[in-house]
$ cat start.json   # JSON, C-alpha atoms
[["chain", "number", "residue", "atom", "x", "y", "z"],
["A", 1, "MET", "CA", -19.81, -47.00, 25.10],
["A", 2, "ASP", "CA", -22.66, -49.45, 24.81],
["A", 3, "ALA", "CA", -24.72, -49.97, 21.65],
["A", 4, "GLN", "CA", -27.82, -48.23, 23.06],
["A", 5, "THR", "CA", -25.90, -45.08, 23.94],
["A", 6, "ARG", "CA", -24.18, -45.10, 20.55],
["A", 7, "GLY", "CA", -27.51, -45.55, 18.77],
["A", 8, "LEU", "CA", -29.20, -42.74, 20.67],
["A", 9, "LEU", "CA", -26.30, -40.35, 20.08],
["A", 10, "ARG", "CA", -26.31, -41.12, 16.37],
["A", 11, "GLU", "CA", -30.01, -40.33, 16.19],
["A", 12, "CYS", "CA", -29.51, -37.09, 18.15],
["A", 13, "SER", "CA", -26.77, -36.07, 15.74],
["A", 14, "LEU", "CA", -28.82, -37.02, 12.69],
["A", 15, "GLY", "CA", -31.91, -35.14, 13.87],
["A", 16, "CYS", "CA", -29.89, -32.01, 14.57],
["A", 17, "LYS", "CA", -28.24, -32.20, 11.14],
["A", 18, "MET", "CA", -31.66, -32.45, 9.51],
["A", 19, "ALA", "CA", -32.86, -29.40, 11.48],
["A", 20, "ILE", "CA", -29.73, -27.40, 10.60],
["A", 21, "ASN", "CA", -30.16, -28.26, 6.92],
["A", 22, "SER", "CA", -33.79, -27.16, 7.06],
["A", 23, "PHE", "CA", -32.90, -23.84, 8.68],
["A", 24, "ASP", "CA", -30.26, -23.25, 5.99],
["A", 25, "GLN", "CA", -32.73, -24.10, 3.25],
["A", 26, "MET", "CA", -35.49, -21.81, 4.55],
["A", 27, "ARG", "CA", -33.29, -18.87, 5.55],
["A", 28, "ASP", "CA", -33.44, -17.18, 2.12],
["A", 29, "TYR", "CA", -37.24, -17.23, 2.19],
["A", 30, "VAL", "CA", -37.62, -15.58, 5.61],
["A", 31, "LYS", "CA", -38.48, -11.91, 5.27],
["A", 32, "ASN", "CA", -39.61, -11.24, 8.84],
["A", 33, "GLU", "CA", -36.59, -10.19, 10.94],
["A", 34, "GLU", "CA", -38.06, -11.52, 14.18],
["A", 35, "LEU", "CA", -38.63, -14.94, 12.61],
["A", 36, "LYS", "CA", -35.13, -14.87, 11.10],
["A", 37, "GLU", "CA", -33.59, -14.12, 14.51],
["A", 38, "LEU", "CA", -35.65, -16.88, 16.11],
["A", 39, "MET", "CA", -34.50, -19.38, 13.51],
["A", 40, "ASP", "CA", -30.87, -18.28, 13.95],
["A", 41, "THR", "CA", -31.15, -18.78, 17.71],
["A", 42, "TYR", "CA", -32.52, -22.29, 17.34],
["A", 43, "ASP", "CA", -30.04, -23.08, 14.57],
["A", 44, "LYS", "CA", -27.21, -22.31, 17.03],
["A", 45, "LYS", "CA", -28.83, -24.53, 19.67],
["A", 46, "HIS", "CA", -29.09, -27.42, 17.21],
["A", 47, "LYS", "CA", -25.47, -26.93, 16.15],
["A", 48, "ALA", "CA", -24.36, -27.06, 19.80],
["A", 49, "TYR", "CA", -26.36, -30.27, 20.39],
["A", 50, "GLU", "CA", -24.96, -31.83, 17.22],
["A", 51, "GLU", "CA", -21.40, -30.94, 18.25],
["A", 52, "LYS", "CA", -21.97, -32.46, 21.68],
["A", 53, "ALA", "CA", -23.30, -35.72, 20.21],
["A", 54, "ALA", "CA", -20.46, -35.80, 17.65],
["A", 55, "LYS", "CA", -17.85, -35.26, 20.36],
["A", 56, "MET", "CA", -19.25, -38.07, 22.50],
["A", 57, "LEU", "CA", -19.28, -40.42, 19.51],
["A", 58, "MET", "CA", -15.78, -39.40, 18.45],
["A", 59, "GLU", "CA", -14.43, -40.05, 21.95],
["A", 60, "ASP", "CA", -15.76, -43.58, 21.58],
["A", 61, "GLY", "CA", -14.25, -43.96, 18.12],
["A", 62, "SER", "CA", -17.74, -44.15, 16.60],
["A", 63, "LYS", "CA", -18.98, -42.38, 13.51],
["A", 64, "GLU", "CA", -21.96, -40.09, 13.23],
["A", 65, "LYS", "CA", -24.98, -41.01, 11.18],
["A", 66, "GLU", "CA", -25.49, -38.90, 8.06],
["A", 67, "PRO", "CA", -28.88, -38.02, 6.55],
["A", 68, "GLY", "CA", -29.78, -40.35, 3.70],
["A", 69, "MET", "CA", -29.47, -38.88, 0.22],
["A", 70, "MET", "CA", -33.02, -39.76, -0.79],
["A", 71, "ALA", "CA", -34.56, -38.41, 2.41],
["A", 72, "SER", "CA", -32.53, -35.20, 2.15],
["A", 73, "ALA", "CA", -33.41, -34.71, -1.52],
["A", 74, "PHE", "CA", -37.12, -35.33, -0.89],
["A", 75, "SER", "CA", -37.13, -32.96, 2.08],
["A", 76, "LYS", "CA", -35.39, -30.25, 0.08],
["A", 77, "LEU", "CA", -37.69, -30.65, -2.91],
["A", 78, "THR", "CA", -40.83, -30.59, -0.77],
["A", 79, "THR", "CA", -39.69, -27.52, 1.15],
["A", 80, "GLU", "CA", -38.67, -25.67, -2.02],
["A", 81, "MET", "CA", -42.01, -26.40, -3.68],
["A", 82, "LYS", "CA", -44.03, -25.25, -0.67],
["A", 83, "LEU", "CA", -42.01, -22.07, -0.31],
["A", 84, "MET", "CA", -42.16, -21.24, -4.02],
["A", 85, "MET", "CA", -45.95, -21.46, -3.90],
["A", 86, "LYS", "CA", -46.22, -19.35, -0.75],
["A", 87, "ASP", "CA", -43.11, -17.86, 0.82],
["A", 88, "ASP", "CA", -44.55, -15.83, 3.69],
["A", 89, "SER", "CA", -43.78, -16.16, 7.40],
["A", 90, "SER", "CA", -46.86, -18.28, 7.93],
["A", 91, "GLN", "CA", -45.65, -20.92, 5.48],
["A", 92, "VAL", "CA", -42.16, -20.93, 7.01],
["A", 93, "ALA", "CA", -43.67, -21.30, 10.49],
["A", 94, "LYS", "CA", -45.77, -24.25, 9.31],
["A", 95, "LEU", "CA", -42.71, -25.97, 7.83],
["A", 96, "VAL", "CA", -40.72, -25.35, 11.02],
["A", 97, "MET", "CA", -43.55, -26.76, 13.11],
["A", 98, "ASP", "CA", -43.81, -29.82, 10.85],
["A", 99, "GLY", "CA", -40.09, -30.41, 11.28],
["A", 100, "CYS", "CA", -40.29, -30.00, 15.04],
["A", 101, "ASN", "CA", -43.19, -32.42, 15.24],
["A", 102, "MET", "CA", -41.26, -34.97, 13.20],
["A", 103, "GLY", "CA", -38.19, -34.50, 15.40],
["A", 104, "ILE", "CA", -40.17, -34.87, 18.62],
["A", 105, "GLN", "CA", -41.87, -38.05, 17.41],
["A", 106, "THR", "CA", -38.70, -39.58, 16.00],
["A", 107, "LEU", "CA", -36.39, -38.78, 18.88],
["A", 108, "GLY", "CA", -39.11, -39.62, 21.41],
["A", 109, "GLY", "CA", -39.33, -43.05, 19.82],
["A", 110, "TYR", "CA", -35.58, -43.52, 20.06],
["A", 111, "ILE", "CA", -35.58, -42.41, 23.71],
["A", 112, "ASN", "CA", -38.04, -45.26, 24.34],
["A", 113, "GLU", "CA", -36.16, -47.72, 22.12],
["A", 114, "TYR", "CA", -32.78, -47.00, 23.69],
["A", 115, "LYS", "CA", -34.06, -46.82, 27.26],
["A", 116, "ASN", "CA", -30.81, -48.31, 28.61],
["A", 117, "ALA", "CA", -28.61, -45.64, 27.02],
["A", 118, "SER", "CA", -26.33, -43.59, 29.29],
["A", 119, "GLY", "CA", -27.81, -40.81, 31.38],
["A", 120, "GLN", "CA", -25.72, -38.24, 29.52],
["A", 121, "SER", "CA", -27.07, -39.32, 26.12],
["A", 122, "MET", "CA", -30.64, -39.47, 27.47],
["A", 123, "ASN", "CA", -30.28, -35.95, 28.86],
["A", 124, "LEU", "CA", -29.04, -34.72, 25.49],
["A", 125, "ALA", "CA", -31.95, -36.37, 23.68],
["A", 126, "ARG", "CA", -34.48, -34.93, 26.14],
["A", 127, "ASP", "CA", -32.90, -31.46, 25.81],
["A", 128, "ILE", "CA", -33.30, -31.67, 22.04],
["A", 129, "VAL", "CA", -36.96, -32.70, 22.39],
["A", 130, "ARG", "CA", -37.61, -29.81, 24.81],
["A", 131, "THR", "CA", -35.93, -27.43, 22.35],
["A", 132, "GLU", "CA", -38.16, -28.70, 19.54],
["A", 133, "GLU", "CA", -41.23, -28.18, 21.73],
["A", 134, "SER", "CA", -40.07, -24.66, 22.58],
["A", 135, "LEU", "CA", -39.43, -23.83, 18.92],
["A", 136, "MET", "CA", -42.92, -25.02, 17.96],
["A", 137, "LYS", "CA", -44.40, -22.76, 20.61],
["A", 138, "ASP", "CA", -42.25, -19.78, 19.59],
["A", 139, "VAL", "CA", -43.16, -19.94, 15.88],
["A", 140, "GLN", "CA", -46.92, -20.23, 16.48],
["A", 141, "LYS", "CA", -47.26, -16.45, 16.50],
["A", 142, "PHE", "CA", -46.14, -16.36, 12.86],
["A", 143, "LEU", "CA", -48.99, -18.60, 11.65]]

$ encode --input "start.json" --output "structure tokens"
Amino acid sequence: MDAQTRGLLRECSLGCKMAINSFDQMRDYVKNEELKELMDTYDKKHKAYEEKAAKMLMEDGSKEKEPGMMASAFSKLTTEMKLMMKDDSSQVAKLVMDGCNMGIQTLGGYINEYKNASGQSMNLARDIVRTEESLMKDVQKFL
């Protein structure tokens, strides 16, 4: 596996891990059953993408990239503070949309940076971006 493919897969894995962590963190604050089901559906999709990226990296003998401790702690603290101040579906939807936007921008940048990555890794990255776009659209009704 070439360095570009490896780099893109690591970023796909990392982004999915960050999304999964965010879903886990917000789950206790979600009171609306429809929103909870929506988040569970997208959580499963992110887990499947992360497993796919991890498998491809493992087959190459490469390691996944883990979220940085400082970034994870800051994200958790920020989310907790926002949800303690206002824990309704609207606030959860805003946080989900912020996360999706960040994921789209970040992974979109890596798709451009690693433009010579394998077709399989590019397809995975594009699928993740499309999923983020779809999630943003689906949570808008909870604003």

$ atom_distance --input "start.json" --atom1 "CA of Met58 in chain A" --atom2 "CA of Gln25 in chain A"
27.4 Å

$ residues_near_point --input "start.json" --point "(-31.4, -23.1, 16.8)" --cutoff "10 Å" --atoms "only C-alpha atoms" --output "NGL selection string"
:A and (16 or 19-20 or 23 or 37-49 or 131-132 or 135)

$ closest_residue --input "start.json" --among "A:Val129, A:Val30, A:Met1, A:Met56" --to "Gly15 in chain A" --atoms "only C-alpha atoms"
A:Val129

$ residues_around --input "start.json" --residues "Leu8 in chain A" --least-positions-apart "3" --cutoff "10 Å" --atoms "all atoms listed in the file" --output "list in words"
Ala3, Gln4, Thr5, Glu11, Cys12, Ser13, Leu14, Ala53, Leu107, Tyr110, Ile111, Asn112, Glu113, Tyr114, Lys115, Asn116, Ala117, Ser118, Ser121, Met122, Leu124 and Ala125 of chain A

$ residues_around --input "start.json" --residues "Val96 in chain A" --least-positions-apart "4" --cutoff "8 Å" --atoms "all atoms listed in the file" --output "list in words"
Val92, Cys100, Met136 and Val139 of chain A

$ closest_residue --input "start.json" --among "A:Lys94, A:Arg10, A:Lys17, A:Arg130" --to "Ser62 in chain A" --atoms "only C-alpha atoms"
A:Arg10

$ closest_residue --input "start.json" --among "A:Ala54, A:Met18, A:Met26, A:Met97" --to "Lys141 in chain A" --atoms "all atoms listed in the file"
A:Met97

$ atom_distance --input "start.json" --atom1 "CA of Asp28 in chain A" --atom2 "CA of Ser89 in chain A"
11.7 Å

$ closest_residue --input "start.json" --among "A:Asn32, A:Ser134, A:Asn21, A:Lys52" --to "Gln120 in chain A" --atoms "all atoms listed in the file"
A:Lys52

$ atom_distance --input "start.json" --atom1 "CA of Glu51 in chain A" --atom2 "CA of Lys65 in chain A"
12.8 Å

$ decode --input "start.json" --residues "range 102-139 of chain A" --atoms "N, CA, C and O atoms" --output "mmCIF file, in the first residue's frame"
data_model
loop_
_atom_site.group_PDB
_atom_site.id
_atom_site.type_symbol
_atom_site.label_atom_id
_atom_site.label_comp_id
_atom_site.auth_asym_id
_atom_site.auth_seq_id
_atom_site.Cartn_x
_atom_site.Cartn_y
_atom_site.Cartn_z
ATOM 1 N N MET A 102 -17.388 19.791 10.081
ATOM 2 C CA MET A 102 -15.962 19.623 10.330
ATOM 3 C C MET A 102 -15.432 18.388 9.590
ATOM 4 O O MET A 102 -14.371 18.423 8.974
ATOM 5 N N GLY A 103 -16.202 17.299 9.641
ATOM 6 C CA GLY A 103 -15.795 16.074 8.959
ATOM 7 C C GLY A 103 -15.724 16.242 7.456
ATOM 8 O O GLY A 103 -14.786 15.764 6.805
ATOM 9 N N ILE A 104 -16.706 16.917 6.890
ATOM 10 C CA ILE A 104 -16.737 17.148 5.443
ATOM 11 C C ILE A 104 -15.527 17.979 5.018
ATOM 12 O O ILE A 104 -14.840 17.650 4.049
ATOM 13 N N GLN A 105 -15.270 19.050 5.755
ATOM 14 C CA GLN A 105 -14.138 19.915 5.409
ATOM 15 C C GLN A 105 -12.809 19.183 5.562
ATOM 16 O O GLN A 105 -11.942 19.257 4.681
ATOM 17 N N THR A 106 -12.662 18.479 6.669
ATOM 18 C CA THR A 106 -11.393 17.797 6.941
ATOM 19 C C THR A 106 -11.142 16.681 5.933
ATOM 20 O O THR A 106 -10.077 16.623 5.306
ATOM 21 N N LEU A 107 -12.120 15.798 5.791
ATOM 22 C CA LEU A 107 -11.922 14.671 4.882
ATOM 23 C C LEU A 107 -11.860 15.139 3.432
ATOM 24 O O LEU A 107 -11.083 14.601 2.640
ATOM 25 N N GLY A 108 -12.631 16.169 3.093
ATOM 26 C CA GLY A 108 -12.540 16.740 1.745
ATOM 27 C C GLY A 108 -11.139 17.242 1.448
ATOM 28 O O GLY A 108 -10.611 17.061 0.348
ATOM 29 N N GLY A 109 -10.524 17.863 2.443
ATOM 30 C CA GLY A 109 -9.142 18.327 2.290
ATOM 31 C C GLY A 109 -8.179 17.176 2.078
ATOM 32 O O GLY A 109 -7.269 17.259 1.250
ATOM 33 N N TYR A 110 -8.394 16.087 2.815
ATOM 34 C CA TYR A 110 -7.507 14.929 2.657
ATOM 35 C C TYR A 110 -7.735 14.218 1.325
ATOM 36 O O TYR A 110 -6.808 13.670 0.744
ATOM 37 N N ILE A 111 -8.957 14.233 0.834
ATOM 38 C CA ILE A 111 -9.226 13.655 -0.491
ATOM 39 C C ILE A 111 -8.402 14.417 -1.539
ATOM 40 O O ILE A 111 -7.812 13.823 -2.439
ATOM 41 N N ASN A 112 -8.339 15.732 -1.395
ATOM 42 C CA ASN A 112 -7.540 16.542 -2.324
ATOM 43 C C ASN A 112 -6.043 16.356 -2.095
ATOM 44 O O ASN A 112 -5.268 16.302 -3.043
ATOM 45 N N GLU A 113 -5.639 16.257 -0.831
ATOM 46 C CA GLU A 113 -4.214 16.090 -0.521
ATOM 47 C C GLU A 113 -3.678 14.740 -0.989
ATOM 48 O O GLU A 113 -2.573 14.647 -1.499
ATOM 49 N N TYR A 114 -4.478 13.704 -0.794
ATOM 50 C CA TYR A 114 -4.053 12.346 -1.158
ATOM 51 C C TYR A 114 -4.703 11.916 -2.468
ATOM 52 O O TYR A 114 -5.239 10.817 -2.584
ATOM 53 N N LYS A 115 -4.633 12.771 -3.458
ATOM 54 C CA LYS A 115 -5.339 12.529 -4.727
ATOM 55 C C LYS A 115 -4.832 11.303 -5.491
ATOM 56 O O LYS A 115 -5.498 10.815 -6.393
ATOM 57 N N ASN A 116 -3.665 10.778 -5.115
ATOM 58 C CA ASN A 116 -3.143 9.586 -5.781
ATOM 59 C C ASN A 116 -3.376 8.316 -4.968
ATOM 60 O O ASN A 116 -2.800 7.270 -5.266
ATOM 61 N N ALA A 117 -4.228 8.405 -3.951
ATOM 62 C CA ALA A 117 -4.563 7.230 -3.141
ATOM 63 C C ALA A 117 -5.360 6.241 -3.999
ATOM 64 O O ALA A 117 -5.921 6.600 -5.040
ATOM 65 N N SER A 118 -5.428 5.005 -3.539
ATOM 66 C CA SER A 118 -6.132 3.959 -4.297
ATOM 67 C C SER A 118 -7.601 4.316 -4.487
ATOM 68 O O SER A 118 -8.190 5.047 -3.684
ATOM 69 N N GLY A 119 -8.181 3.772 -5.538
ATOM 70 C CA GLY A 119 -9.593 3.993 -5.815
ATOM 71 C C GLY A 119 -10.477 3.513 -4.683
ATOM 72 O O GLY A 119 -11.468 4.163 -4.335
ATOM 73 N N GLN A 120 -10.113 2.392 -4.069
ATOM 74 C CA GLN A 120 -10.901 1.839 -2.972
ATOM 75 C C GLN A 120 -10.907 2.791 -1.766
ATOM 76 O O GLN A 120 -11.952 3.024 -1.167
ATOM 77 N N SER A 121 -9.758 3.360 -1.445
ATOM 78 C CA SER A 121 -9.702 4.292 -0.308
ATOM 79 C C SER A 121 -10.419 5.600 -0.651
ATOM 80 O O SER A 121 -11.080 6.188 0.213
ATOM 81 N N MET A 122 -10.300 6.056 -1.885
ATOM 82 C CA MET A 122 -11.019 7.269 -2.309
ATOM 83 C C MET A 122 -12.528 7.055 -2.234
ATOM 84 O O MET A 122 -13.257 7.947 -1.782
ATOM 85 N N ASN A 123 -12.984 5.883 -2.675
ATOM 86 C CA ASN A 123 -14.417 5.583 -2.611
ATOM 87 C C ASN A 123 -14.913 5.583 -1.170
ATOM 88 O O ASN A 123 -15.995 6.101 -0.884
ATOM 89 N N LEU A 124 -14.116 5.011 -0.270
ATOM 90 C CA LEU A 124 -14.482 5.000 1.142
ATOM 91 C C LEU A 124 -14.585 6.434 1.678
ATOM 92 O O LEU A 124 -15.568 6.797 2.321
ATOM 93 N N ALA A 125 -13.579 7.242 1.380
ATOM 94 C CA ALA A 125 -13.581 8.632 1.846
ATOM 95 C C ALA A 125 -14.787 9.397 1.293
ATOM 96 O O ALA A 125 -15.457 10.140 2.028
ATOM 97 N N ARG A 126 -15.081 9.210 0.037
ATOM 98 C CA ARG A 126 -16.231 9.902 -0.577
ATOM 99 C C ARG A 126 -17.548 9.408 0.016
ATOM 100 O O ARG A 126 -18.481 10.200 0.197
ATOM 101 N N ASP A 127 -17.629 8.105 0.319
ATOM 102 C CA ASP A 127 -18.837 7.566 0.964
ATOM 103 C C ASP A 127 -19.038 8.210 2.334
ATOM 104 O O ASP A 127 -20.173 8.541 2.710
ATOM 105 N N ILE A 128 -17.959 8.381 3.071
ATOM 106 C CA ILE A 128 -18.052 9.007 4.391
ATOM 107 C C ILE A 128 -18.532 10.453 4.252
ATOM 108 O O ILE A 128 -19.417 10.892 4.988
ATOM 109 N N VAL A 129 -17.976 11.178 3.304
ATOM 110 C CA VAL A 129 -18.398 12.573 3.084
ATOM 111 C C VAL A 129 -19.877 12.624 2.721
ATOM 112 O O VAL A 129 -20.632 13.449 3.256
ATOM 113 N N ARG A 130 -20.320 11.743 1.831
ATOM 114 C CA ARG A 130 -21.740 11.722 1.447
ATOM 115 C C ARG A 130 -22.630 11.395 2.657
ATOM 116 O O ARG A 130 -23.721 11.958 2.812
ATOM 117 N N THR A 131 -22.155 10.514 3.513
ATOM 118 C CA THR A 131 -22.904 10.166 4.721
ATOM 119 C C THR A 131 -23.002 11.371 5.651
ATOM 120 O O THR A 131 -24.071 11.628 6.230
ATOM 121 N N GLU A 132 -21.918 12.113 5.789
ATOM 122 C CA GLU A 132 -21.939 13.328 6.617
ATOM 123 C C GLU A 132 -22.928 14.345 6.046
ATOM 124 O O GLU A 132 -23.677 14.976 6.791
ATOM 125 N N GLU A 133 -22.932 14.498 4.741
ATOM 126 C CA GLU A 133 -23.867 15.430 4.093
ATOM 127 C C GLU A 133 -25.307 14.994 4.327
ATOM 128 O O GLU A 133 -26.182 15.818 4.614
ATOM 129 N N SER A 134 -25.550 13.702 4.237
ATOM 130 C CA SER A 134 -26.885 13.160 4.452
ATOM 131 C C SER A 134 -27.330 13.344 5.906
ATOM 132 O O SER A 134 -28.482 13.714 6.169
ATOM 133 N N LEU A 135 -26.416 13.117 6.832
ATOM 134 C CA LEU A 135 -26.739 13.305 8.251
ATOM 135 C C LEU A 135 -27.079 14.767 8.536
ATOM 136 O O LEU A 135 -28.055 15.047 9.248
ATOM 137 N N MET A 136 -26.316 15.678 7.977
ATOM 138 C CA MET A 136 -26.616 17.110 8.168
ATOM 139 C C MET A 136 -28.036 17.430 7.697
ATOM 140 O O MET A 136 -28.782 18.140 8.373
ATOM 141 N N LYS A 137 -28.378 16.896 6.550
ATOM 142 C CA LYS A 137 -29.711 17.148 5.988
ATOM 143 C C LYS A 137 -30.802 16.529 6.874
ATOM 144 O O LYS A 137 -31.833 17.151 7.130
ATOM 145 N N ASP A 138 -30.539 15.318 7.363
ATOM 146 C CA ASP A 138 -31.545 14.608 8.160
ATOM 147 C C ASP A 138 -31.790 15.247 9.530
ATOM 148 O O ASP A 138 -32.890 15.141 10.065
ATOM 149 N N VAL A 139 -30.783 15.881 10.115
ATOM 150 C CA VAL A 139 -30.980 16.480 11.446
ATOM 151 C C VAL A 139 -31.540 17.900 11.377
ATOM 152 O O VAL A 139 -31.940 18.444 12.406
#
